[in-house]
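To keep things clear, I will list the structure first and then write my remarks on it.
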Amino acid sequence: MDFGPHLLLASLEGAVTAAILALTAMGLSIVFGVMRVVNVAHGEFYMLGAVIAWWVTSLIGGHPAIGFVLALGIAPLVVGFLAAAADKLILQKINYDPDRTIVATIGLLYIIQQTTLMTFGPDARPVQPPFNTRLALPWFEYGEGGFAMFWPWGLSITSYKLFVIVAAVAILTTLWLLITRSKIGLIMRATQLDSETALAFGVPVDRVYMWVFGLGAGLAAVGAVLVVPIQQAHYLMGHDPLLLAFITVIIGGLGSLPGTIIAAILIGMSDGIISVFFSPTLAKIIATLLVAMVLVFRPQGLLGRST
Amino acid sequence: MSNTQRSNLLHLGTIALLAVAFFILPTYHVGNLSRIMVLAVYAIGYNFLFGYTGLLSLGHALFFAAGMYGLGLSMELFDLTTAPALVIGLASALVISAVIGFLALRTSGVSFMIVTLMFAQAGYLTILYFGTYTRGDEGFVIQQADRVLFGVDLSSDTGRYFAALALFSACFLAVAHLVQSPFGRTLVAIRENEERARMLGYDTVTHKLKAVIISGTISGLAGAAYALLFGYAGATFATVQYSIFPLLWVLLGGAGTTIGPLIGVIFMFYLIDLSSSITSAYMLIAGVVLVLLTLFAPQGLAGELRKRVFKWMP
């Protein structure tokens with residue numbers, strides 16, 4: 001394959017990564033934005049979404065699409081409720097003290113991960129995609145006879161991967177409308193702006209926090225359900241998305257939702273492209289150091305406002 | 001008895017107790033205890049930064065690994081003997097903690113945790129990337145012939161135990177002394193209220209940088225000692241998990257107490273030791289302990305003791 005088609009393929013793969021990353025990072029970003037806490041267990045909620053998706057699809061027989069649609073509905077709900085419960089039982093009790101929240105969510109991380117290890121086991125398990133047609137992609141090149149269209153061998157994408165991109169865009173648009181146009185969003189933004197004043201105006205801040213925490217975890221679970229037909233469900237799969245989501249949220253500017261989206265696209269695409277052309281470990285080292293440097297020299301992130 | 005006499009008695013008593021333990025405990029527990037003492041040195045280093053200066057780092061595994069690989073690689077690649085290799089291990093931890101401290105201290109709070117985490121992650125990946133020298137996750141064994149310091153065979157049970165005890169006592173007493181000194185008092189003042197400390201004319205940035213360097217170097221010393229006493233260096237010791245462990249030990253034992261790190265390591269070590277005989281998911285216990293601690297005993301075991309019973313405890 002030539003460089004051009006290769007790059008197109010890499011960017012398509014990157015777009016899929018970016019779509020999933022945008023969902024996961026958005027969950028983290030909303031939680032940080034509204035509640036000002038860092039949820040270290042975020043990756044485990046992601047993993048839990050994938051495991052529940054496997055569990056639902058393996059229980060339901062018949063066409064894989066039925067199980068998948070059910071999983072897409074059930075997994076985020078279960079994970080969201082679990083996270084909301086964890087928030088009420090643990091985080092609310094320690095008053096969202098930043099240091100203690102980190103420690104408690106590290107604890108939560110191990111509890112979720114190890115419980116999954118005990119019940120789900122150490123194996124990676126696949127989930128059937130609901131549809132998976134291979135679509136060949138054309139490539140245009142300016143040759144001797146003017147523009148010519150041809151079909152390079154190996155340049156293709158599955159219909160499911162396209163669906164992931166579309167689904168992520170649809171979900172994020174819905175979320176955007178929810179936050180900017182609905183009463184729920186208004187309450188969320190009021191709490192984010194000044195929780196004490198919001199409380200004085202009758203906003204049940206504790207409940208808002210609880211459900212925002214649930215929403216954040218639910219978004220991670222949606223991302224995981226979408227990704228699980230491409231990857232496999234495994235009890236350690238939450239580690240990389242957590243770091244990537246952290247990086248995304250920081251680069252985008254802590255608490256800035258549009259920043260998170262832009263950063264997700266930037267990082268997802270470059271991750272896809274860099275890992276095609278460079279050693280993945282080296283790429284990760286460079287990316288990690290870059291992010292650390294962004295935080296050191298521009299702590300408010302790319303789109304964040306300095307406080 | 002004055003409070004200083006009481007705390008001296010507590011420190012010397014702890015060391016004496018550990019020395020006696022060698023002669024009365026069965027071999028299995030003696031082996032465990034020498035490991036515990038080395039890890040307690042790591043915890044003491046972490047406690048100096050977290051407990052006394054109030055900086056929560058999630059990247060101390062980098063310093064531990066710096067000491068470990070500084071020693072291990074200089075032995076492996078340049079055939080150095082134990083003493084100079086140990087010095088190189090210490091020096092690499094010192095240099096790395098100075099660089100990380102200089103960069104990371106530009107941030108604070110949550111950002112400080114994440115920056116240290118990122119640097120440690122980059123360090124871990126670097127160890128993996130240079131797998132031809134470090135052998136990555138698999139690690140390498142340090143030859144028994146190299147594990148002799150001043151004529152003491154550190155691979156024998158006795159040599160190892162008393163080397164660990166000597167190291168532990170030195171760090172334990174040094175840090176106990178340091179936190180009572182004007183420098184240590186200033187660090188506590190920074191922990192309690194950095195603005196006020198700055199207003200009183202203390203150079204808080206330099207103080208914090210020194211704290212990071214001291215803490216990182218002690219952690220590196222622990223890493224080098226671990227490689228030396230147990231004859232193995234591997235990338236596992238650079239993972240996030242080994243950054244979280246000292247946090248866990250210190251929180252469990254009691255942050256900002258001299259005896260806390262040791263108590264935390266002993267408690268956690270035996271908790272994991274007992275639970276891993278029951279289930280392979282032993283980190284579950286660590287998770288539950290963490291959550292329960294933040295909920296019910298945010299000051300840790302020694303911290304709660306100090307609050308309730310021994311008000312004089314250092």
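By order of appearance in the structure tokens: chains A, B, ..., then residues from 1 within every chain, and ligands from 1 in the order shown.
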
Please extract the residues of segment 104-193 of chain B with a backbone DSSP assignment of strand (DSSP E or B) and present them as a VMD selection string. chain B and resid 140 to 141 148 to 149 152 to 153

Print the selection's residues with N, CA and C atoms to a file, as a PDB file, in the first residue's frame.
ATOM      1  N   PHE B 140      16.054  -8.800  35.978  1.00  0.00           N
ATOM      2  CA  PHE B 140      17.279  -9.592  36.006  1.00  0.00           C
ATOM      3  C   PHE B 140      17.706  -9.870  37.446  1.00  0.00           C
ATOM      4  N   VAL B 141      18.498 -10.917  37.575  1.00  0.00           N
ATOM      5  CA  VAL B 141      18.951 -11.341  38.894  1.00  0.00           C
ATOM      6  C   VAL B 141      20.305 -10.705  39.162  1.00  0.00           C
ATOM      7  N   VAL B 148      27.845  -8.507  48.414  1.00  0.00           N
ATOM      8  CA  VAL B 148      28.653  -8.482  49.632  1.00  0.00           C
ATOM      9  C   VAL B 148      29.047  -7.039  49.899  1.00  0.00           C
ATOM     10  N   LEU B 149      28.722  -6.554  51.094  1.00  0.00           N
ATOM     11  CA  LEU B 149      29.052  -5.171  51.420  1.00  0.00           C
ATOM     12  C   LEU B 149      29.877  -5.162  52.697  1.00  0.00           C
ATOM     13  N   VAL B 152      30.145  -8.320  54.565  1.00  0.00           N
ATOM     14  CA  VAL B 152      28.937  -9.006  55.038  1.00  0.00           C
ATOM     15  C   VAL B 152      28.213  -9.607  53.841  1.00  0.00           C
ATOM     16  N   ASP B 153      27.895 -10.893  53.926  1.00  0.00           N
ATOM     17  CA  ASP B 153      27.163 -11.546  52.842  1.00  0.00           C
ATOM     18  C   ASP B 153      25.680 -11.206  52.980  1.00  0.00           C
TER      19      ASP B 153
END

Show me, as a VMD selection string, the residues of chain A whose atoms get within 8 Å of chain B, using only C-alpha atoms for the distance check. chain A and resid 38 90 93 to 94 98 to 100 103 to 111 113 to 115 117 to 118 281 to 282 284 to 286 288 to 289 291 to 292 295 to 297 299

Written selection (C-alpha atoms) as a compact mmCIF listing (two decimals), in the first residue's frame:
# COMPACT_ATOMS: atom_id res chain seq x y z
CA VAL A 38 -10.70 13.24 40.28
CA ILE A 90 -18.28 6.79 50.16
CA LYS A 93 -19.30 10.75 53.52
CA ILE A 94 -15.84 12.24 53.10
CA PRO A 98 -9.74 16.15 47.12
CA ASP A 99 -6.95 14.01 48.63
CA ARG A 100 -9.25 11.56 50.33
CA VAL A 103 -7.45 7.59 47.87
CA ALA A 104 -11.04 6.32 48.10
CA THR A 105 -11.36 5.99 44.33
CA ILE A 106 -8.03 4.14 44.18
CA GLY A 107 -9.61 1.77 46.70
CA LEU A 108 -12.72 1.55 44.55
CA LEU A 109 -10.52 0.79 41.54
CA TYR A 110 -9.05 -2.26 43.26
CA ILE A 111 -12.41 -3.40 44.61
CA GLN A 113 -11.09 -4.78 39.35
CA GLN A 114 -10.45 -7.62 41.77
CA THR A 115 -14.13 -8.49 42.16
CA LEU A 117 -11.21 -11.02 38.49
CA MET A 118 -12.91 -13.28 41.03
CA THR A 281 6.17 2.24 23.47
CA LEU A 282 8.20 5.18 22.23
CA LYS A 284 3.55 6.44 24.60
CA ILE A 285 6.69 7.75 26.32
CA ILE A 286 6.68 10.89 24.19
CA THR A 288 3.15 10.95 28.43
CA LEU A 289 6.07 13.35 28.79
CA VAL A 291 1.24 15.82 28.70
CA ALA A 292 3.26 16.17 31.88
CA LEU A 295 0.51 20.44 32.90
CA VAL A 296 3.74 21.87 34.24
CA PHE A 297 3.94 24.86 31.92
CA PRO A 299 -1.62 24.05 34.05

Exercise: segment 35-37 of chain B partners within 7 Å, only C-alpha atoms, chain neighbours under 3 positions left out, as a ChimeraX atom specification: /B:31-32,40-41,164-165,168,265-266

Requested write-out: N, CA and C atoms of the selected residues, as a PDB file, in the first residue's frame:
ATOM      1  N   GLY B  31      12.394 -13.749  57.511  1.00  0.00           N
ATOM      2  CA  GLY B  31      12.512 -13.372  56.097  1.00  0.00           C
ATOM      3  C   GLY B  31      11.536 -12.264  55.755  1.00  0.00           C
ATOM      4  N   ASN B  32      10.293 -12.423  56.195  1.00  0.00           N
ATOM      5  CA  ASN B  32       9.284 -11.391  55.938  1.00  0.00           C
ATOM      6  C   ASN B  32       9.697 -10.064  56.534  1.00  0.00           C
ATOM      7  N   ALA B  40       9.657  -0.520  54.615  1.00  0.00           N
ATOM      8  CA  ALA B  40       9.355   0.552  55.567  1.00  0.00           C
ATOM      9  C   ALA B  40      10.252   1.759  55.312  1.00  0.00           C
ATOM     10  N   VAL B  41      11.478   1.520  54.847  1.00  0.00           N
ATOM     11  CA  VAL B  41      12.354   2.639  54.482  1.00  0.00           C
ATOM     12  C   VAL B  41      11.715   3.436  53.346  1.00  0.00           C
ATOM     13  N   ALA B 164      19.216  -4.922  56.698  1.00  0.00           N
ATOM     14  CA  ALA B 164      17.925  -4.241  56.603  1.00  0.00           C
ATOM     15  C   ALA B 164      17.661  -3.452  57.880  1.00  0.00           C
ATOM     16  N   LEU B 165      17.989  -4.057  59.031  1.00  0.00           N
ATOM     17  CA  LEU B 165      17.754  -3.387  60.307  1.00  0.00           C
ATOM     18  C   LEU B 165      18.602  -2.124  60.422  1.00  0.00           C
ATOM     19  N   PHE B 168      17.166   0.479  58.106  1.00  0.00           N
ATOM     20  CA  PHE B 168      15.903   0.978  58.652  1.00  0.00           C
ATOM     21  C   PHE B 168      16.173   1.917  59.825  1.00  0.00           C
ATOM     22  N   VAL B 265       3.345  -0.853  56.944  1.00  0.00           N
ATOM     23  CA  VAL B 265       3.917  -1.915  56.112  1.00  0.00           C
ATOM     24  C   VAL B 265       3.670  -3.285  56.750  1.00  0.00           C
ATOM     25  N   ILE B 266       3.904  -3.391  58.061  1.00  0.00           N
ATOM     26  CA  ILE B 266       3.693  -4.680  58.741  1.00  0.00           C
ATOM     27  C   ILE B 266       2.249  -5.131  58.550  1.00  0.00           C
TER      28      ILE B 266
END

As an exercise, work out the distance from atom CA of Val127 of chain A to atom CA of Thr57 of chain A in Å and give it to one decimal place.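 Rounded to one decimal, the two atoms are 7.1 Å apart.
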
Which distance in Å separates atom CA of Ala224 of chain B and atom CA of Ala166 of chain B, to one decimal?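 Taking atom CA of Ala224 of chain B and atom CA of Ala166 of chain B, their separation equals 14.5 Å.
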
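Between atom CA of Arg198 of chain B and atom CA of Val212 of chain B the interatomic distance comes to 18.0 Å.
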
Please identify all polymer residues within 6 Å of segment 131-137 of chain A, counting only C-alpha atoms, omitting same-chain residues fewer than 6 positions from it, and present them as an mmCIF file with C-alpha atoms, in the first residue's frame.
data_model
loop_
_atom_site.group_PDB
_atom_site.id
_atom_site.type_symbol
_atom_site.label_atom_id
_atom_site.label_comp_id
_atom_site.auth_asym_id
_atom_site.auth_seq_id
_atom_site.Cartn_x
_atom_site.Cartn_y
_atom_site.Cartn_z
ATOM 1 C CA LEU A 155 -7.881 -0.316 2.361
ATOM 2 C CA SER A 156 -11.135 -1.129 4.043
ATOM 3 C CA ILE A 157 -13.107 -0.557 7.206
ATOM 4 C CA THR A 158 -15.868 -2.576 8.784
ATOM 5 C CA SER A 159 -19.384 -1.178 8.918
ATOM 6 C CA TYR A 160 -19.309 -1.643 12.674
#

Wanna dump the segment 183-300 of chain B-segment 5-16 of chain B contacts at 10 Å for me, each residue with its shortest atom pair and the distance in Å to one decimal, counting only C-alpha atoms, ordered by chain and number, as JSON lines?
{"residue": "B:Thr258", "atom": "CA", "partner": "B:His11", "partner_atom": "CA", "distance": 8.4}
{"residue": "B:Ile259", "atom": "CA", "partner": "B:His11", "partner_atom": "CA", "distance": 7.8}
{"residue": "B:Leu262", "atom": "CA", "partner": "B:Thr14", "partner_atom": "CA", "distance": 9.7}
